[in-house]
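Chemist: Please read through the structure below; I'll follow up with questions.
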Amino acid sequence: MGRIIAIANQKGGVGKTTTSINLSSCIAAKGKKVLVVDIDPQGNTTSGYGIEKNDLDNTIYELMLGDCSIEDCIIKDVIENISILPSNVNLAAAEIELIGVDKKEYILKNEIDWVKDRYDYIIIDCPLH
């Protein structure tokens, strides 16, 4: 089972995304399999790995709404040993669209449960809140 590390802080501009990218890259350089989960609507972790976030069909947004599976969303081997669950600005609308959805707080956890055994580490870049 992958060890899950969430990079979170209530303040913006403190280096959450930079920490997520650098930590995941260092762990991967040691030969460990890493899944990076970008749950920030700015999608800077996604673009930080060279992915054009606005050209993606499946992101964490579609995953949260049930429009695709986690397998459809993960971009495998972005660089050696690193896969990413990408994000973009569409994620900002998910909070409103999920109003009234039962157990919405567990959607991401339940989806990650399907793949966590494939990774040594799961690094989550959290949004500002």
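As shown in the structure tokens, the chain order sets the letters A, B, ...; within each chain, residues go from 1, and ligands are also counted from 1 in the order they appear.
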Please provide the set of residues having any atom within 10 Å of segment 75-86 of chain A, restricted to only C-alpha atoms, with same-chain residues fewer than 2 positions apart removed, written as a short mmCIF file (atom, residue, chain, number, x, y, z; two decimals) with C-alpha atoms, in the first residue's frame.

Modeler:
```
data_model
loop_
_atom_site.label_atom_id
_atom_site.label_comp_id
_atom_site.auth_asym_id
_atom_site.auth_seq_id
_atom_site.Cartn_x
_atom_site.Cartn_y
_atom_site.Cartn_z
CA SER A 24 7.74 13.45 -5.67
CA SER A 25 10.70 13.88 -8.02
CA ILE A 27 11.29 9.98 -4.20
CA ALA A 28 11.02 8.81 -7.82
CA ALA A 29 14.75 9.35 -8.32
CA LYS A 30 15.28 6.79 -5.53
CA GLY A 31 13.41 4.22 -7.64
CA LYS A 32 10.05 4.43 -5.87
CA LYS A 33 6.77 4.56 -7.77
CA VAL A 34 4.91 7.83 -7.10
CA LEU A 35 1.39 9.01 -7.90
CA VAL A 36 1.03 12.78 -7.74
CA VAL A 37 -2.55 13.94 -7.15
CA ASP A 38 -3.18 17.56 -8.16
CA ILE A 39 -6.36 18.72 -6.41
CA ASP A 40 -5.71 22.42 -6.89
CA PRO A 41 -7.91 24.01 -9.57
CA GLY A 43 -3.37 22.88 -11.92
CA ASN A 44 0.18 24.12 -11.42
CA THR A 45 1.48 20.71 -10.38
CA THR A 46 0.05 19.30 -13.60
CA SER A 47 1.66 21.98 -15.75
CA TYR A 49 5.30 18.28 -15.02
CA GLY A 50 4.99 19.59 -18.56
CA ILE A 51 1.39 18.55 -19.13
CA GLU A 52 -0.87 20.95 -21.05
CA LYS A 53 -3.64 20.99 -18.46
CA LEU A 56 -6.94 17.08 -21.10
CA ASN A 58 -10.05 13.45 -18.14
CA THR A 59 -8.92 15.17 -14.96
CA ILE A 60 -9.73 14.92 -11.28
CA TYR A 61 -12.82 17.01 -12.06
CA LEU A 63 -13.31 11.71 -11.80
CA ILE A 70 -9.31 6.79 -12.04
CA GLU A 71 -7.65 4.58 -14.66
CA ASP A 72 -8.89 6.96 -17.37
CA CYS A 73 -7.46 9.99 -15.54
CA ASN A 88 -7.28 22.17 -14.28
CA ILE A 112 -7.40 6.23 -4.76
CA TYR A 119 2.52 3.06 -5.78
CA ASP A 120 5.06 3.40 -3.01
CA TYR A 121 4.00 7.00 -2.36
CA ILE A 122 1.01 9.15 -3.19
CA ILE A 123 1.70 12.88 -2.96
CA ILE A 124 -1.36 15.15 -2.85
#
```

Chemist: Quick one: pick out all alpha helix (DSSP H) residues within segment 6-97 of chain A from a backbone DSSP run and write them as number ranges by chain.

Modeler: A: 16-29, 44-48, 60-65, 70-73, 94-97

Chemist: I need the residue nearest Glu105 of chain A from this list: A:Val89, A:Met64, A:Ser20, A:Pro127. Use only C-alpha atoms for the distance.

Modeler: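 Under the stated criterion, the closest residue is A:Met64.
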
Chemist: Just the strand (DSSP E or B) stuff from chain A, please, per backbone DSSP, written as a list in words.

Modeler: Arg3, Ile4, Ile5, Ala6, Ile7, Val34, Leu35, Val36, Val37, Asp38, Ile75, Lys76, Asp77, Val78, Ile79, Ile82, Ser83, Ile84, Leu85, Tyr121, Ile122, Ile123, Ile124 and Asp125 of chain A

Chemist: For the residues in that selection, give me N, CA and C atoms as a PDB file, in the first residue's frame.

Modeler:
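Printed below is part-v9.pdb as written:
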```pdb
ATOM      1  N   ARG A   3       2.158   4.943   0.712  1.00  0.00           N
ATOM      2  CA  ARG A   3       2.096   5.918   1.800  1.00  0.00           C
ATOM      3  C   ARG A   3       1.576   7.222   1.214  1.00  0.00           C
ATOM      4  N   ILE A   4       0.591   7.810   1.846  1.00  0.00           N
ATOM      5  CA  ILE A   4      -0.043   9.012   1.325  1.00  0.00           C
ATOM      6  C   ILE A   4       0.433  10.228   2.110  1.00  0.00           C
ATOM      7  N   ILE A   5       0.918  11.231   1.373  1.00  0.00           N
ATOM      8  CA  ILE A   5       1.399  12.471   1.981  1.00  0.00           C
ATOM      9  C   ILE A   5       0.652  13.624   1.334  1.00  0.00           C
ATOM     10  N   ALA A   6      -0.071  14.384   2.144  1.00  0.00           N
ATOM     11  CA  ALA A   6      -0.793  15.556   1.653  1.00  0.00           C
ATOM     12  C   ALA A   6       0.027  16.805   1.982  1.00  0.00           C
ATOM     13  N   ILE A   7       0.238  17.636   0.965  1.00  0.00           N
ATOM     14  CA  ILE A   7       0.932  18.907   1.148  1.00  0.00           C
ATOM     15  C   ILE A   7      -0.151  19.977   1.250  1.00  0.00           C
ATOM     16  N   VAL A  34       5.628   6.715  -7.723  1.00  0.00           N
ATOM     17  CA  VAL A  34       4.910   7.825  -7.103  1.00  0.00           C
ATOM     18  C   VAL A  34       3.702   8.207  -7.948  1.00  0.00           C
ATOM     19  N   LEU A  35       2.563   8.412  -7.274  1.00  0.00           N
ATOM     20  CA  LEU A  35       1.394   9.007  -7.896  1.00  0.00           C
ATOM     21  C   LEU A  35       1.253  10.405  -7.309  1.00  0.00           C
ATOM     22  N   VAL A  36       1.237  11.405  -8.170  1.00  0.00           N
ATOM     23  CA  VAL A  36       1.032  12.782  -7.742  1.00  0.00           C
ATOM     24  C   VAL A  36      -0.425  13.140  -8.037  1.00  0.00           C
ATOM     25  N   VAL A  37      -1.144  13.580  -7.013  1.00  0.00           N
ATOM     26  CA  VAL A  37      -2.547  13.939  -7.154  1.00  0.00           C
ATOM     27  C   VAL A  37      -2.653  15.456  -7.032  1.00  0.00           C
ATOM     28  N   ASP A  38      -3.053  16.096  -8.117  1.00  0.00           N
ATOM     29  CA  ASP A  38      -3.184  17.557  -8.157  1.00  0.00           C
ATOM     30  C   ASP A  38      -4.647  17.898  -7.912  1.00  0.00           C
ATOM     31  N   ILE A  75      -2.224   9.883 -15.768  1.00  0.00           N
ATOM     32  CA  ILE A  75      -1.241   9.943 -16.849  1.00  0.00           C
ATOM     33  C   ILE A  75       0.000   9.220 -16.325  1.00  0.00           C
ATOM     34  N   LYS A  76       0.279   8.083 -16.932  1.00  0.00           N
ATOM     35  CA  LYS A  76       1.342   7.214 -16.433  1.00  0.00           C
ATOM     36  C   LYS A  76       2.718   7.646 -16.941  1.00  0.00           C
ATOM     37  N   ASP A  77       3.695   7.478 -16.071  1.00  0.00           N
ATOM     38  CA  ASP A  77       5.109   7.704 -16.391  1.00  0.00           C
ATOM     39  C   ASP A  77       5.352   9.037 -17.086  1.00  0.00           C
ATOM     40  N   VAL A  78       4.863  10.102 -16.468  1.00  0.00           N
ATOM     41  CA  VAL A  78       5.135  11.453 -16.960  1.00  0.00           C
ATOM     42  C   VAL A  78       6.646  11.649 -17.030  1.00  0.00           C
ATOM     43  N   ILE A  79       7.304  11.252 -15.982  1.00  0.00           N
ATOM     44  CA  ILE A  79       8.745  11.029 -15.991  1.00  0.00           C
ATOM     45  C   ILE A  79       8.949   9.691 -15.285  1.00  0.00           C
ATOM     46  N   ILE A  82       6.995   8.390 -12.089  1.00  0.00           N
ATOM     47  CA  ILE A  82       5.966   9.343 -11.662  1.00  0.00           C
ATOM     48  C   ILE A  82       4.771   9.307 -12.601  1.00  0.00           C
ATOM     49  N   SER A  83       3.608   9.082 -11.999  1.00  0.00           N
ATOM     50  CA  SER A  83       2.337   9.211 -12.702  1.00  0.00           C
ATOM     51  C   SER A  83       1.579  10.342 -12.027  1.00  0.00           C
ATOM     52  N   ILE A  84       0.640  10.947 -12.757  1.00  0.00           N
ATOM     53  CA  ILE A  84      -0.075  12.085 -12.198  1.00  0.00           C
ATOM     54  C   ILE A  84      -1.566  11.976 -12.449  1.00  0.00           C
ATOM     55  N   LEU A  85      -2.327  12.356 -11.444  1.00  0.00           N
ATOM     56  CA  LEU A  85      -3.767  12.539 -11.559  1.00  0.00           C
ATOM     57  C   LEU A  85      -3.941  14.045 -11.716  1.00  0.00           C
ATOM     58  N   TYR A 121       4.415   5.736  -2.971  1.00  0.00           N
ATOM     59  CA  TYR A 121       4.001   6.998  -2.358  1.00  0.00           C
ATOM     60  C   TYR A 121       2.935   7.666  -3.210  1.00  0.00           C
ATOM     61  N   ILE A 122       2.005   8.312  -2.533  1.00  0.00           N
ATOM     62  CA  ILE A 122       1.012   9.148  -3.194  1.00  0.00           C
ATOM     63  C   ILE A 122       1.149  10.536  -2.579  1.00  0.00           C
ATOM     64  N   ILE A 123       1.502  11.504  -3.417  1.00  0.00           N
ATOM     65  CA  ILE A 123       1.703  12.878  -2.960  1.00  0.00           C
ATOM     66  C   ILE A 123       0.509  13.691  -3.442  1.00  0.00           C
ATOM     67  N   ILE A 124      -0.177  14.355  -2.503  1.00  0.00           N
ATOM     68  CA  ILE A 124      -1.359  15.146  -2.851  1.00  0.00           C
ATOM     69  C   ILE A 124      -1.055  16.626  -2.679  1.00  0.00           C
ATOM     70  N   ASP A 125      -1.161  17.363  -3.786  1.00  0.00           N
ATOM     71  CA  ASP A 125      -1.019  18.819  -3.753  1.00  0.00           C
ATOM     72  C   ASP A 125      -2.404  19.406  -3.494  1.00  0.00           C
TER      73      ASP A 125
END
```

Chemist: Using only C-alpha atoms, which protein or nucleic acid residues come within 10 Å of Asp113 of chain A? Drop anything in the same chain fewer than 3 positions from it, and give the result as a PyMOL selection string.

Modeler: chain A and resi 1-2+70+108-110+116-117

Chemist: Based on the selection just made, write all heavy atoms of those residues as a PDB file, in the first residue's frame.

Modeler:
```pdb
ATOM      1  N   MET A   1       0.840  -1.183   0.000  1.00  0.00           N
ATOM      2  CA  MET A   1       0.000   0.000   0.000  1.00  0.00           C
ATOM      3  C   MET A   1       0.882   1.241   0.000  1.00  0.00           C
ATOM      4  O   MET A   1       1.873   1.328   0.711  1.00  0.00           O
ATOM      5  CB  MET A   1      -0.888  -0.008   1.231  1.00  0.00           C
ATOM      6  CG  MET A   1      -1.747   1.238   1.341  1.00  0.00           C
ATOM      7  SD  MET A   1      -2.952   1.153   2.653  1.00  0.00           S
ATOM      8  CE  MET A   1      -2.021   1.824   3.999  1.00  0.00           C
ATOM      9  N   GLY A   2       0.496   2.214  -0.830  1.00  0.00           N
ATOM     10  CA  GLY A   2       1.256   3.446  -0.917  1.00  0.00           C
ATOM     11  C   GLY A   2       1.075   4.328   0.298  1.00  0.00           C
ATOM     12  O   GLY A   2      -0.013   4.442   0.847  1.00  0.00           O
ATOM     13  N   ILE A  70     -10.644   6.304 -12.385  1.00  0.00           N
ATOM     14  CA  ILE A  70      -9.312   6.792 -12.045  1.00  0.00           C
ATOM     15  C   ILE A  70      -8.290   6.300 -13.073  1.00  0.00           C
ATOM     16  O   ILE A  70      -7.334   6.988 -13.390  1.00  0.00           O
ATOM     17  CB  ILE A  70      -8.908   6.430 -10.594  1.00  0.00           C
ATOM     18  CG1 ILE A  70      -7.672   7.236 -10.171  1.00  0.00           C
ATOM     19  CG2 ILE A  70      -8.724   4.929 -10.431  1.00  0.00           C
ATOM     20  CD1 ILE A  70      -7.415   7.267  -8.686  1.00  0.00           C
ATOM     21  N   LEU A 108     -12.726  10.949  -3.616  1.00  0.00           N
ATOM     22  CA  LEU A 108     -11.305  10.820  -3.968  1.00  0.00           C
ATOM     23  C   LEU A 108     -10.654   9.670  -3.209  1.00  0.00           C
ATOM     24  O   LEU A 108      -9.913   8.878  -3.789  1.00  0.00           O
ATOM     25  CB  LEU A 108     -10.571  12.127  -3.722  1.00  0.00           C
ATOM     26  CG  LEU A 108      -9.099  12.132  -4.121  1.00  0.00           C
ATOM     27  CD1 LEU A 108      -8.940  11.829  -5.612  1.00  0.00           C
ATOM     28  CD2 LEU A 108      -8.471  13.472  -3.773  1.00  0.00           C
ATOM     29  N   LYS A 109     -10.924   9.551  -1.917  1.00  0.00           N
ATOM     30  CA  LYS A 109     -10.358   8.463  -1.123  1.00  0.00           C
ATOM     31  C   LYS A 109     -10.736   7.111  -1.713  1.00  0.00           C
ATOM     32  O   LYS A 109      -9.895   6.228  -1.879  1.00  0.00           O
ATOM     33  CB  LYS A 109     -10.839   8.553   0.324  1.00  0.00           C
ATOM     34  CG  LYS A 109     -10.256   7.474   1.228  1.00  0.00           C
ATOM     35  CD  LYS A 109     -11.397   6.729   1.916  1.00  0.00           C
ATOM     36  CE  LYS A 109     -10.891   5.652   2.827  1.00  0.00           C
ATOM     37  NZ  LYS A 109     -10.747   4.353   2.221  1.00  0.00           N
ATOM     38  N   ASN A 110     -12.014   6.951  -2.047  1.00  0.00           N
ATOM     39  CA  ASN A 110     -12.472   5.677  -2.603  1.00  0.00           C
ATOM     40  C   ASN A 110     -11.825   5.376  -3.949  1.00  0.00           C
ATOM     41  O   ASN A 110     -11.514   4.216  -4.246  1.00  0.00           O
ATOM     42  CB  ASN A 110     -13.995   5.674  -2.721  1.00  0.00           C
ATOM     43  CG  ASN A 110     -14.675   5.684  -1.369  1.00  0.00           C
ATOM     44  OD1 ASN A 110     -14.095   5.291  -0.355  1.00  0.00           O
ATOM     45  ND2 ASN A 110     -15.914   6.158  -1.335  1.00  0.00           N
ATOM     46  N   LYS A 116      -3.920   2.467  -4.988  1.00  0.00           N
ATOM     47  CA  LYS A 116      -2.861   2.781  -4.026  1.00  0.00           C
ATOM     48  C   LYS A 116      -1.811   1.686  -3.885  1.00  0.00           C
ATOM     49  O   LYS A 116      -0.659   1.967  -3.569  1.00  0.00           O
ATOM     50  CB  LYS A 116      -3.441   3.153  -2.665  1.00  0.00           C
ATOM     51  CG  LYS A 116      -4.137   2.044  -1.942  1.00  0.00           C
ATOM     52  CD  LYS A 116      -4.744   2.546  -0.648  1.00  0.00           C
ATOM     53  CE  LYS A 116      -5.516   1.436   0.033  1.00  0.00           C
ATOM     54  NZ  LYS A 116      -6.232   1.942   1.198  1.00  0.00           N
ATOM     55  N   ASP A 117      -2.172   0.445  -4.140  1.00  0.00           N
ATOM     56  CA  ASP A 117      -1.202  -0.644  -4.019  1.00  0.00           C
ATOM     57  C   ASP A 117      -0.173  -0.658  -5.147  1.00  0.00           C
ATOM     58  O   ASP A 117       0.824  -1.370  -5.065  1.00  0.00           O
ATOM     59  CB  ASP A 117      -1.930  -1.993  -3.975  1.00  0.00           C
ATOM     60  CG  ASP A 117      -2.719  -2.162  -2.689  1.00  0.00           C
ATOM     61  OD1 ASP A 117      -2.367  -1.516  -1.684  1.00  0.00           O
ATOM     62  OD2 ASP A 117      -3.700  -2.933  -2.684  1.00  0.00           O
TER      63      ASP A 117
END
```
